[in-house]
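Colleague: Data file start19.cif (mmCIF, C-alpha atoms) is appended below.
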data_final
#
loop_
_atom_site.label_atom_id
_atom_site.label_comp_id
_atom_site.auth_asym_id
_atom_site.auth_seq_id
_atom_site.Cartn_x
_atom_site.Cartn_y
_atom_site.Cartn_z
CA MET A 1 2.77 2.90 30.48
CA LYS A 2 -0.54 4.32 29.33
CA ARG A 3 1.22 5.90 26.39
CA HIS A 4 2.71 2.53 25.33
CA VAL A 5 -0.69 0.84 25.53
CA PHE A 6 -2.22 3.67 23.50
CA VAL A 7 0.44 3.44 20.81
CA ALA A 8 0.23 -0.36 20.69
CA SER A 9 -3.53 -0.27 20.26
CA LEU A 10 -3.27 2.41 17.60
CA VAL A 11 -0.74 0.39 15.61
CA SER A 12 -2.82 -2.78 15.95
CA THR A 13 -5.78 -0.80 14.62
CA VAL A 14 -3.71 0.33 11.68
CA LEU A 15 -2.68 -3.26 11.01
CA ALA A 16 -6.16 -4.69 11.45
CA GLY A 17 -6.50 -5.65 7.82
CA SER A 18 -3.12 -7.25 7.22
CA ALA A 19 -2.35 -9.70 10.00
CA PHE A 20 -3.38 -12.82 8.08
CA ALA A 21 -3.29 -14.13 4.55
CA LEU A 22 -4.61 -17.30 2.95
CA SER A 23 -2.01 -19.90 2.01
CA ILE A 24 -1.94 -21.96 -1.16
CA GLY A 25 -4.20 -24.98 -0.61
CA ASP A 26 -6.48 -23.17 1.86
CA LYS A 27 -10.21 -23.31 1.28
CA ALA A 28 -12.04 -20.16 0.24
CA PRO A 29 -13.50 -18.42 3.32
CA SER A 30 -16.75 -16.49 3.68
CA THR A 31 -18.22 -18.17 0.62
CA SER A 32 -21.81 -17.87 1.84
CA VAL A 33 -21.71 -14.15 2.67
CA LYS A 34 -24.22 -12.30 0.49
CA MET A 35 -22.94 -9.08 -1.07
CA LYS A 36 -24.82 -6.51 -3.13
CA ASN A 37 -24.03 -6.75 -6.81
CA VAL A 38 -24.13 -3.79 -9.20
CA ASP A 39 -27.38 -5.21 -10.62
CA GLY A 40 -28.98 -4.98 -7.16
CA ARG A 41 -29.02 -8.72 -6.43
CA GLU A 42 -27.41 -10.21 -3.30
CA ILE A 43 -24.68 -12.65 -4.39
CA SER A 44 -22.16 -14.82 -2.55
CA ILE A 45 -18.89 -16.36 -3.71
CA ALA A 46 -20.59 -19.77 -3.56
CA ASP A 47 -23.30 -18.50 -5.90
CA VAL A 48 -20.78 -17.77 -8.67
CA ALA A 49 -18.53 -20.84 -8.23
CA GLY A 50 -17.79 -22.42 -11.62
CA LYS A 51 -17.31 -26.06 -12.56
CA GLU A 52 -13.59 -25.40 -13.16
CA GLY A 53 -12.99 -23.10 -10.18
CA THR A 54 -13.57 -19.61 -8.86
CA LEU A 55 -11.69 -16.34 -9.33
CA VAL A 56 -12.08 -13.72 -6.60
CA ILE A 57 -10.52 -10.29 -7.15
CA PHE A 58 -10.48 -7.54 -4.51
CA SER A 59 -10.71 -4.27 -6.36
CA CYS A 60 -12.26 -0.82 -6.26
CA ASN A 61 -12.76 2.21 -8.47
CA HIS A 62 -10.45 4.96 -7.24
CA CYS A 63 -7.07 3.24 -7.06
CA PRO A 64 -4.68 4.23 -9.87
CA PHE A 65 -3.34 0.66 -9.91
CA VAL A 66 -6.85 -0.70 -10.40
CA LYS A 67 -7.39 1.83 -13.17
CA ALA A 68 -4.20 0.62 -14.82
CA TRP A 69 -5.26 -3.03 -14.58
CA GLN A 70 -9.06 -2.84 -14.89
CA GLY A 71 -9.12 -3.49 -18.64
CA ARG A 72 -7.05 -6.62 -18.12
CA ILE A 73 -9.28 -7.68 -15.21
CA ALA A 74 -12.34 -7.37 -17.46
CA SER A 75 -10.67 -9.28 -20.27
CA ILE A 76 -9.33 -12.13 -18.10
CA GLY A 77 -12.52 -12.30 -16.03
CA ASN A 78 -14.88 -12.41 -19.00
CA ALA A 79 -12.79 -15.07 -20.76
CA ALA A 80 -12.44 -17.16 -17.59
CA LYS A 81 -16.17 -17.05 -16.98
CA SER A 82 -16.89 -18.23 -20.50
CA LYS A 83 -14.65 -21.25 -19.85
CA GLY A 84 -16.30 -22.40 -16.63
CA VAL A 85 -14.46 -20.39 -13.98
CA GLY A 86 -16.76 -18.46 -11.68
CA VAL A 87 -15.68 -14.84 -11.33
CA ILE A 88 -16.52 -12.21 -8.72
CA VAL A 89 -14.90 -8.81 -8.13
CA ILE A 90 -15.28 -7.45 -4.60
CA ASN A 91 -15.00 -3.84 -3.44
CA SER A 92 -14.18 -3.84 0.29
CA ASN A 93 -13.22 -0.16 0.50
CA ASP A 94 -15.00 2.26 2.78
CA PRO A 95 -16.34 4.81 0.26
CA THR A 96 -16.37 7.52 2.94
CA SER A 97 -12.74 8.28 2.10
CA TYR A 98 -13.18 7.85 -1.65
CA PRO A 99 -16.64 8.66 -3.06
CA GLU A 100 -15.39 7.19 -6.34
CA ASP A 101 -15.75 3.79 -4.62
CA SER A 102 -19.49 4.26 -3.98
CA PHE A 103 -22.09 1.79 -5.22
CA GLY A 104 -23.32 4.17 -7.93
CA GLU A 105 -19.80 4.61 -9.28
CA MET A 106 -19.27 0.84 -9.19
CA GLN A 107 -22.36 0.39 -11.37
CA LYS A 108 -21.00 2.86 -13.89
CA ARG A 109 -17.55 1.27 -13.92
CA ALA A 110 -18.88 -2.28 -14.38
CA GLU A 111 -20.92 -1.11 -17.34
CA GLN A 112 -18.06 0.89 -18.88
CA LEU A 113 -15.72 -2.08 -18.64
CA GLY A 114 -18.27 -4.62 -19.82
CA PHE A 115 -18.04 -6.94 -16.81
CA THR A 116 -20.04 -10.12 -17.48
CA PHE A 117 -19.44 -11.14 -13.85
CA PRO A 118 -20.60 -9.67 -10.54
CA TYR A 119 -18.93 -6.60 -9.00
CA VAL A 120 -20.11 -6.57 -5.39
CA VAL A 121 -19.88 -4.53 -2.18
CA ASP A 122 -18.24 -6.08 0.88
CA ALA A 123 -20.29 -3.88 3.20
CA THR A 124 -18.31 -4.64 6.37
CA SER A 125 -14.90 -5.32 4.74
CA ASP A 126 -15.03 -8.63 6.63
CA VAL A 127 -14.74 -10.73 3.47
CA ALA A 128 -11.43 -9.00 2.70
CA ARG A 129 -10.36 -9.60 6.30
CA ALA A 130 -11.26 -13.30 6.03
CA PHE A 131 -9.13 -13.60 2.90
CA GLY A 132 -6.28 -11.58 4.38
CA ALA A 133 -6.54 -9.31 1.35
CA THR A 134 -4.63 -6.07 1.83
CA ARG A 135 -4.54 -4.22 -1.48
CA THR A 136 -6.21 -3.70 -4.80
CA PRO A 137 -6.29 -5.32 -7.29
CA GLU A 138 -5.52 -8.62 -5.48
CA ALA A 139 -6.48 -11.94 -7.09
CA PHE A 140 -7.34 -15.28 -5.46
CA LEU A 141 -7.94 -18.28 -7.77
CA PHE A 142 -9.54 -21.43 -6.34
CA ASP A 143 -9.85 -24.84 -7.99
CA LYS A 144 -13.12 -26.75 -8.31
CA ASP A 145 -12.61 -28.15 -4.79
CA GLY A 146 -12.42 -24.60 -3.45
CA LYS A 147 -8.68 -24.74 -2.68
CA LEU A 148 -6.44 -21.74 -3.35
CA VAL A 149 -4.14 -22.35 -6.34
CA TYR A 150 -3.01 -18.79 -7.11
CA HIS A 151 -2.79 -15.58 -5.08
CA GLY A 152 -1.38 -12.23 -6.05
CA ALA A 153 -0.96 -9.88 -8.98
CA ILE A 154 -2.74 -9.80 -12.33
CA ASP A 155 0.64 -9.68 -14.09
CA ASP A 156 4.07 -8.17 -13.57
CA SER A 157 3.58 -4.59 -14.74
CA LYS A 158 1.15 -1.78 -14.18
CA ASN A 159 1.94 -0.71 -17.74
CA ALA A 160 0.24 -3.09 -20.15
CA ASP A 161 2.97 -2.70 -22.76
CA GLN A 162 5.67 -3.75 -20.28
CA VAL A 163 4.12 -7.00 -19.11
CA THR A 164 6.42 -10.00 -19.38
CA LYS A 165 4.68 -12.40 -16.99
CA HIS A 166 0.92 -13.02 -17.24
CA TYR A 167 0.54 -14.57 -13.79
CA LEU A 168 -3.24 -14.69 -13.46
CA GLN A 169 -3.94 -15.60 -17.09
CA ASP A 170 -1.39 -18.43 -16.89
CA ALA A 171 -2.93 -19.68 -13.63
CA VAL A 172 -6.44 -19.65 -15.12
CA ASP A 173 -5.20 -21.46 -18.23
CA ALA A 174 -3.48 -24.11 -16.08
CA LEU A 175 -6.60 -24.54 -13.96
CA ILE A 176 -8.83 -25.05 -17.00
CA ALA A 177 -6.30 -27.44 -18.55
CA GLY A 178 -6.22 -29.49 -15.34
CA LYS A 179 -2.53 -28.71 -14.83
CA GLU A 180 -0.70 -27.51 -11.75
CA VAL A 181 -0.34 -23.74 -11.59
CA GLY A 182 3.31 -22.78 -12.12
CA THR A 183 3.71 -19.50 -10.25
CA LYS A 184 1.39 -19.78 -7.27
CA GLU A 185 2.09 -16.57 -5.35
CA THR A 186 3.20 -13.14 -6.48
CA LYS A 187 3.46 -9.70 -4.91
CA PHE A 188 2.88 -6.23 -6.22
CA VAL A 189 2.71 -2.68 -4.96
CA GLY A 190 -0.92 -1.60 -4.78
CA CYS A 191 -3.40 0.59 -2.96
CA GLY A 192 -4.09 -0.58 0.57
CA ILE A 193 -7.72 -1.64 1.11
CA LYS A 194 -9.55 1.13 3.00
CA PHE A 195 -11.14 -1.14 5.62
CA ARG A 196 -14.31 -0.09 7.35
CA ALA A 197 -14.05 0.13 11.14
CA LYS A 198 -14.88 -3.16 12.87
CA GLY A 199 -18.49 -3.17 14.00
CA MET B 1 24.26 45.12 6.01
CA ARG B 2 20.74 44.63 4.74
CA LYS B 3 21.69 41.15 3.39
CA ILE B 4 23.05 40.12 6.78
CA TRP B 5 19.89 41.34 8.45
CA LEU B 6 17.70 39.38 5.97
CA ALA B 7 19.80 36.22 6.37
CA GLY B 8 19.46 36.49 10.13
CA LEU B 9 15.72 36.95 9.90
CA THR B 10 15.41 33.93 7.59
CA PHE B 11 17.46 31.81 10.00
CA PHE B 12 15.37 32.75 13.02
CA LEU B 13 12.14 32.23 11.08
CA ALA B 14 13.27 28.76 9.98
CA ALA B 15 14.35 27.90 13.54
CA PHE B 16 10.99 29.12 14.85
CA LEU B 17 9.01 27.05 12.32
CA ILE B 18 11.05 23.92 13.08
CA ALA B 19 10.56 24.46 16.81
CA CYS B 20 6.82 24.71 16.18
CA GLY B 21 6.89 21.42 14.26
CA ARG B 22 6.09 23.11 10.96
CA THR B 23 7.96 22.54 7.74
CA THR B 24 10.03 25.18 6.03
CA PRO B 25 9.48 25.68 2.31
CA VAL B 26 11.79 23.78 -0.02
CA ARG B 27 12.32 24.74 -3.65
CA VAL B 28 11.33 22.06 -6.18
CA GLU B 29 14.73 22.39 -7.86
CA ASP B 30 16.43 21.54 -4.56
CA VAL B 31 14.54 18.24 -4.12
CA ARG B 32 16.76 15.23 -4.75
CA VAL B 33 15.14 11.92 -5.75
CA THR B 34 17.44 8.94 -6.34
CA PRO B 35 16.34 5.67 -8.01
CA VAL B 36 16.89 2.66 -5.72
CA THR B 37 16.46 -1.11 -5.62
CA ALA B 38 15.69 -3.03 -2.44
CA ALA B 39 19.38 -3.99 -2.24
CA ASP B 40 20.33 -0.30 -2.44
CA ILE B 41 18.00 0.47 0.46
CA ARG B 42 19.34 -2.37 2.59
CA ARG B 43 22.89 -1.20 1.88
CA ALA B 44 21.98 2.40 2.72
CA VAL B 45 20.36 1.27 5.97
CA SER B 46 23.43 -0.74 6.97
CA ASN B 47 25.84 2.05 6.03
CA ALA B 48 23.76 4.97 7.27
CA GLY B 49 25.94 5.64 10.29
CA ALA B 50 22.69 6.49 12.06
CA LYS B 51 21.27 5.27 15.36
CA ALA B 52 18.00 4.41 13.63
CA VAL B 53 16.64 4.43 10.09
CA LEU B 54 12.99 4.81 9.11
CA VAL B 55 12.08 3.71 5.57
CA ASN B 56 8.65 4.74 4.34
CA MET B 57 7.10 3.51 1.08
CA TRP B 58 4.60 5.96 -0.37
CA ALA B 59 3.16 7.28 -3.62
CA THR B 60 1.71 10.59 -4.76
CA TRP B 61 -1.61 8.93 -5.67
CA CYS B 62 -1.94 7.18 -2.28
CA GLY B 63 -4.31 9.14 0.00
CA PRO B 64 -3.23 7.58 3.33
CA CYS B 65 0.41 8.13 2.32
CA ARG B 66 -0.22 11.82 1.73
CA GLU B 67 -2.11 12.10 5.01
CA GLU B 68 0.72 10.71 7.13
CA PHE B 69 3.47 12.59 5.27
CA PRO B 70 3.55 15.72 7.48
CA ALA B 71 4.04 13.49 10.53
CA LEU B 72 6.91 11.68 8.83
CA VAL B 73 8.67 14.90 7.87
CA ARG B 74 8.13 16.27 11.37
CA VAL B 75 9.62 13.22 13.06
CA ALA B 76 12.54 13.28 10.58
CA HIS B 77 13.34 16.90 11.50
CA LYS B 78 12.73 16.46 15.22
CA TYR B 79 15.06 13.46 15.59
CA GLN B 80 17.69 14.08 12.90
CA ASP B 81 20.13 15.47 15.47
CA GLU B 82 19.51 12.42 17.68
CA GLY B 83 20.74 10.06 14.94
CA LEU B 84 17.57 9.31 12.96
CA LYS B 85 17.75 8.96 9.19
CA VAL B 86 14.49 8.91 7.24
CA MET B 87 14.35 7.41 3.74
CA LEU B 88 11.17 8.29 1.85
CA VAL B 89 10.83 5.93 -1.11
CA SER B 90 8.22 6.68 -3.77
CA ALA B 91 6.52 3.80 -5.56
CA ASP B 92 5.35 6.11 -8.34
CA ASP B 93 6.39 5.63 -11.94
CA SER B 94 9.53 7.52 -12.90
CA THR B 95 7.34 9.37 -15.42
CA ASP B 96 5.65 11.01 -12.41
CA MET B 97 8.90 12.64 -11.24
CA ALA B 98 7.58 16.20 -11.55
CA ALA B 99 4.62 15.40 -9.28
CA ILE B 100 6.92 13.61 -6.80
CA ARG B 101 9.32 16.55 -6.56
CA LYS B 102 6.50 19.06 -6.25
CA PHE B 103 4.89 17.09 -3.40
CA LEU B 104 8.19 16.61 -1.58
CA ALA B 105 8.93 20.32 -1.87
CA GLU B 106 5.49 21.23 -0.53
CA GLN B 107 6.06 18.88 2.40
CA GLY B 108 9.42 20.48 3.22
CA VAL B 109 11.56 17.43 2.48
CA ASP B 110 15.05 18.93 2.64
CA PHE B 111 16.85 15.57 2.84
CA PRO B 112 17.50 12.96 0.10
CA ALA B 113 14.44 11.08 -1.17
CA TYR B 114 14.19 8.00 -3.35
CA ILE B 115 12.10 6.26 -6.01
CA LYS B 116 11.64 2.53 -6.55
CA ALA B 117 13.58 1.40 -9.60
CA GLU B 118 12.87 -2.32 -9.66
CA LYS B 119 9.94 -4.62 -10.47
CA ASP B 120 7.48 -5.11 -7.63
CA GLN B 121 8.14 -8.74 -6.66
CA PRO B 122 11.94 -8.54 -6.16
CA PHE B 123 11.60 -5.10 -4.57
CA ILE B 124 8.97 -6.21 -2.04
CA ASP B 125 10.70 -9.46 -1.11
CA GLY B 126 14.06 -7.70 -1.06
CA LEU B 127 12.84 -5.35 1.66
CA ASP B 128 10.85 -7.82 3.74
CA LYS B 129 8.86 -10.91 2.76
CA ARG B 130 6.13 -9.96 5.23
CA TRP B 131 5.33 -6.82 3.25
CA THR B 132 2.39 -7.54 0.94
CA GLY B 133 3.06 -4.49 -1.22
CA ALA B 134 0.26 -2.37 0.26
CA LEU B 135 0.99 1.34 0.67
CA PRO B 136 1.93 3.08 2.83
CA ALA B 137 4.43 0.78 4.52
CA THR B 138 6.99 1.71 7.17
CA PHE B 139 10.15 -0.12 8.23
CA ILE B 140 12.23 0.95 11.22
CA TYR B 141 15.80 -0.31 11.64
CA ASP B 142 18.22 0.10 14.53
CA GLY B 143 21.76 1.40 14.13
CA ALA B 144 23.04 -2.06 13.24
CA GLY B 145 20.57 -2.31 10.34
CA LYS B 146 18.33 -4.81 12.14
CA LEU B 147 14.62 -4.43 11.39
CA CYS B 148 12.90 -3.38 14.65
CA ASP B 149 9.41 -2.68 13.39
CA PHE B 150 7.29 -2.89 10.29
CA TRP B 151 3.69 -2.08 9.47
CA GLU B 152 1.36 -1.47 6.57
CA GLY B 153 -1.11 1.39 6.68
CA SER B 154 -0.88 4.95 7.87
CA ALA B 155 0.16 6.11 11.33
CA SER B 156 0.02 9.27 13.42
CA PHE B 157 2.93 11.42 14.57
CA ASN B 158 2.63 9.82 18.03
CA VAL B 159 3.09 6.33 16.59
CA PHE B 160 6.06 7.35 14.44
CA GLU B 161 7.67 9.14 17.37
CA GLN B 162 7.13 6.24 19.78
CA LYS B 163 8.60 3.72 17.35
CA VAL B 164 11.55 5.96 16.50
CA VAL B 165 12.27 6.69 20.14
CA GLU B 166 12.26 2.95 20.87
CA ALA B 167 14.69 2.33 18.01
CA LEU B 168 16.92 5.18 19.18
CA GLY B 169 16.76 3.86 22.74
CA GLN B 170 15.74 7.27 24.04
CA GLN B 171 12.93 9.13 25.69
CA ALA B 172 10.64 11.29 23.54
CA LYS B 173 11.86 14.89 23.18
CA PRO B 174 9.63 17.69 24.39
CA THR B 175 7.98 19.29 21.42
CA GLY B 176 6.51 22.50 20.19
CA GLY B 177 3.29 22.25 18.23
CA ASN B 178 0.49 19.72 18.45
CA PRO B 179 0.99 15.95 18.71
#
So that I can check it, write out the structure of this file as structure tokens.
Modeller:
Amino acid sequence: MKRHVFVASLVSTVLAGSAFALSIGDKAPSTSVKMKNVDGREISIADVAGKEGTLVIFSCNHCPFVKAWQGRIASIGNAAKSKGVGVIVINSNDPTSYPEDSFGEMQKRAEQLGFTFPYVVDATSDVARAFGATRTPEAFLFDKDGKLVYHGAIDDSKNADQVTKHYLQDAVDALIAGKEVGTKETKFVGCGIKFRAKG
Amino acid sequence: MRKIWLAGLTFFLAAFLIACGRTTPVRVEDVRVTPVTAADIRRAVSNAGAKAVLVNMWATWCGPCREEFPALVRVAHKYQDEGLKVMLVSADDSTDMAAIRKFLAEQGVDFPAYIKAEKDQPFIDGLDKRWTGALPATFIYDGAGKLCDFWEGSASFNVFEQKVVEALGQQAKPTGGNP
């Protein structure tokens, strides 16, 4: 019996980050949580909210999928911000496992990629938990009322030259145009978020 | 005579290593990796003729996947004679085949392995809509092909063994080596 309880608790620990996910229409959670930006300032999701909506992307530095998509994240994010969509990229990974995900490396990466939007540290991983985010890079797009209108992949291929569906770009364009987002949810294989242990 | 003696020694060494829960070396050229879609996997699970099937999604670049791999291979070897089939499915690009085969050989994978050959969305939903796409991910099916268990994230040998034993409807086998 003890063994069963032990195994059950171990599995539930393993699954701690993936038991819940936001649904389309849900309000953005944890919007007032302050997170340290690469410029040293403490910033929340509410602080960056734009007049057209808000784009939240869970990302990191080390993940090969993030590396494949990071140029497209910079491009879409910078363009969206210039058109009135607030943008914030959140690193919820515990850098203990991957030093490449440390704050110093985040600063370098944001500069290399030319982010014009915040790249912040979710120091407890609780923001990712509140969103039900499980992998990187995972996008959540909210309208001006703070309701989720798109959740999922940046596009349909890790390889930029094989993309046929520009999910996030299309969703941002629809949001800015005041139209309903066509494809609202997509899935992709990505790196699991390396959640910090619950405090 | 010398060949027979060497063959016998190799056999006993391999048996000893397996009994200790350690993997035997596999040559890279002997590693088989077959491209699969989600439908292929579901068909293979249903037609496995096994008492239980464990499907694990992994990738060479995925740290937690690499960490749990020895436990997966160990449970595959320990329960293969009890009717367990393990399907290790790589989510790497097909261009990474050399790295995949090298890793599988190092891990002692002496049974067929697979690589995802379908776009993410249909592949993920084709396996199970609850899977977000995060790696690693493990699916355990019973002999009838019914999904018994599923989780995202890495697990220990004890967890894999417990889940497999439940699917097989057995008690855990005594083991050599550490849990």
Colleague: Can you check which residues of chain B have any atom within 9 Å of chain A? Use all atoms listed in the file and format it as a ChimeraX atom specification.
Modeller: /B:61-64,91,119-125,131-136,151-156,158-159,162-163
Colleague: Selected by the PyMOL selection byres ((chain B and resi 44) around 12) in the shown coordinates: which residues, as a ChimeraX atom specification?
Modeller: /B:36-43,45-50,52-55,85-87,112,114,141,143-145
Colleague: The PyMOL selection byres ((chain A and resi 125) around 6) - which residues does that actually catch in the file I just gave you? List them as a list in words.
Modeller: Ser92, Asp122, Ala123, Thr124, Asp126, Val127, Ala128, Phe195 and Arg196 of chain A
Colleague: Name the closest residue to A:Tyr150 among the candidates A:Val163, A:Ala46, A:Leu175, A:Ala130; distances are taken between atoms, counting all atoms listed in the file.
Modeller: A:Leu175
Colleague: List the neighbours of A:Ser59 out to 9 Å using only C-alpha atoms; skip same-chain residues closer than 6 positions along the sequence, and give me the result as a CSV table (one decimal) with C-alpha atoms, keeping the file's coordinate frame.
Modeller:
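Okay, part17.csv is ready:
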chain,number,residue,atom,x,y,z
A,66,VAL,CA,-6.8,-0.7,-10.4
A,70,GLN,CA,-9.1,-2.8,-14.9
A,89,VAL,CA,-14.9,-8.8,-8.1
A,90,ILE,CA,-15.3,-7.4,-4.6
A,91,ASN,CA,-15.0,-3.8,-3.4
A,92,SER,CA,-14.2,-3.8,0.3
A,93,ASN,CA,-13.2,-0.2,0.5
A,119,TYR,CA,-18.9,-6.6,-9.0
A,135,ARG,CA,-4.5,-4.2,-1.5
A,136,THR,CA,-6.2,-3.7,-4.8
A,137,PRO,CA,-6.3,-5.3,-7.3
A,138,GLU,CA,-5.5,-8.6,-5.5
A,139,ALA,CA,-6.5,-11.9,-7.1
A,193,ILE,CA,-7.7,-1.6,1.1
Colleague: Pick out the residues sitting within 8 Å of stretch 76-82 of chain A, and hand them over as a PyMOL selection string; count all atoms listed in the file, and ignore anything fewer than 5 positions along from it in its own chain.
Modeller: chain A and resi 50+55+87+115-117+169+172
Colleague: Mind telling me what the PyMOL selection byres ((chain B and resi 23-35) around 8) catches here, as a list in words?
Modeller: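 With the PyMOL selection byres ((chain B and resi 23-35) around 8) on this model, the match is Ala14, Leu17, Ile18, Gly21, Arg22, Val36, Thr37, Val73, Arg74, Arg101, Lys102, Leu104, Ala105, Glu106, Gln107, Gly108, Val109, Asp110, Phe111, Pro112, Ala113, Tyr114, Ile115, Lys116 and Ala117 of chain B.
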Colleague: Can you spit out the residues from that selection as a CSV table (one decimal), in the frame of the given file, using C-alpha atoms?
Modeller:
chain,number,residue,atom,x,y,z
B,14,ALA,CA,13.3,28.8,10.0
B,17,LEU,CA,9.0,27.0,12.3
B,18,ILE,CA,11.0,23.9,13.1
B,21,GLY,CA,6.9,21.4,14.3
B,22,ARG,CA,6.1,23.1,11.0
B,36,VAL,CA,16.9,2.7,-5.7
B,37,THR,CA,16.5,-1.1,-5.6
B,73,VAL,CA,8.7,14.9,7.9
B,74,ARG,CA,8.1,16.3,11.4
B,101,ARG,CA,9.3,16.6,-6.6
B,102,LYS,CA,6.5,19.1,-6.2
B,104,LEU,CA,8.2,16.6,-1.6
B,105,ALA,CA,8.9,20.3,-1.9
B,106,GLU,CA,5.5,21.2,-0.5
B,107,GLN,CA,6.1,18.9,2.4
B,108,GLY,CA,9.4,20.5,3.2
B,109,VAL,CA,11.6,17.4,2.5
B,110,ASP,CA,15.0,18.9,2.6
B,111,PHE,CA,16.8,15.6,2.8
B,112,PRO,CA,17.5,13.0,0.1
B,113,ALA,CA,14.4,11.1,-1.2
B,114,TYR,CA,14.2,8.0,-3.4
B,115,ILE,CA,12.1,6.3,-6.0
B,116,LYS,CA,11.6,2.5,-6.6
B,117,ALA,CA,13.6,1.4,-9.6
Colleague: Grab the atom CA of A:Ala177 to atom CA of A:Ala110 distance for me, in Å with one decimal place.
Modeller: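 Calculated distance between atom CA of A:Ala177 and atom CA of A:Ala110 is 28.4 Å.
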Colleague: Can you measure atom CA of A:Glu52 to atom CA of A:Gly25 for me? One decimal in Å is fine.
Modeller: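 Answer for the atom CA of A:Glu52 to atom CA of A:Gly25 separation: 15.7 Å.
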Colleague: Around (-15.9, -21.4, -6.6) in the file's frame, which residues reach within 7 Å when counting only C-alpha atoms? Return as number ranges by chain?
Modeller: A: 45-46, 48-50, 53-54, 86, 142, 144, 146
Colleague: Can you pull out every residue within 10 Å of A:Arg109, counting all atoms listed in the file, but drop anything in the same chain fewer than 5 positions away, and send it as a PyMOL selection string?
Modeller: chain A and resi 38+60-61+70+100-101+103-104+114-115+119
Colleague: What does the distance between atom CA of B:Ala99 and atom CA of B:Thr60 come to in Å, to one decimal place?
Modeller: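 Going from atom CA of B:Ala99 over to atom CA of B:Thr60, I get 7.2 Å.
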Colleague: What's the 12 Å shell around B:Lys173, counting all atoms listed in the file, without same-chain residues fewer than 4 positions away, as a list of chain:residue names?
Modeller: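 In the requested format, the answer is B:Ala19, B:Val75, B:His77, B:Lys78, B:Tyr79, B:Gln80, B:Asp81, B:Glu82, B:Asn158, B:Glu161, B:Gln162, B:Val164, B:Val165, B:Leu168, B:Pro179.
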Colleague: Taking all atoms of stretch 43-54 of chain A that appear in the file, build a box with edges along x, y and z, extend it by 8 Å on every side, and state its centre and edge lengths in Å to one decimal, as AutoDock Vina command-line options.
Modeller:
--center_x -18.8 --center_y -19.4 --center_z -7.9 --size_x 27.7 --size_y 29.4 --size_z 26.6
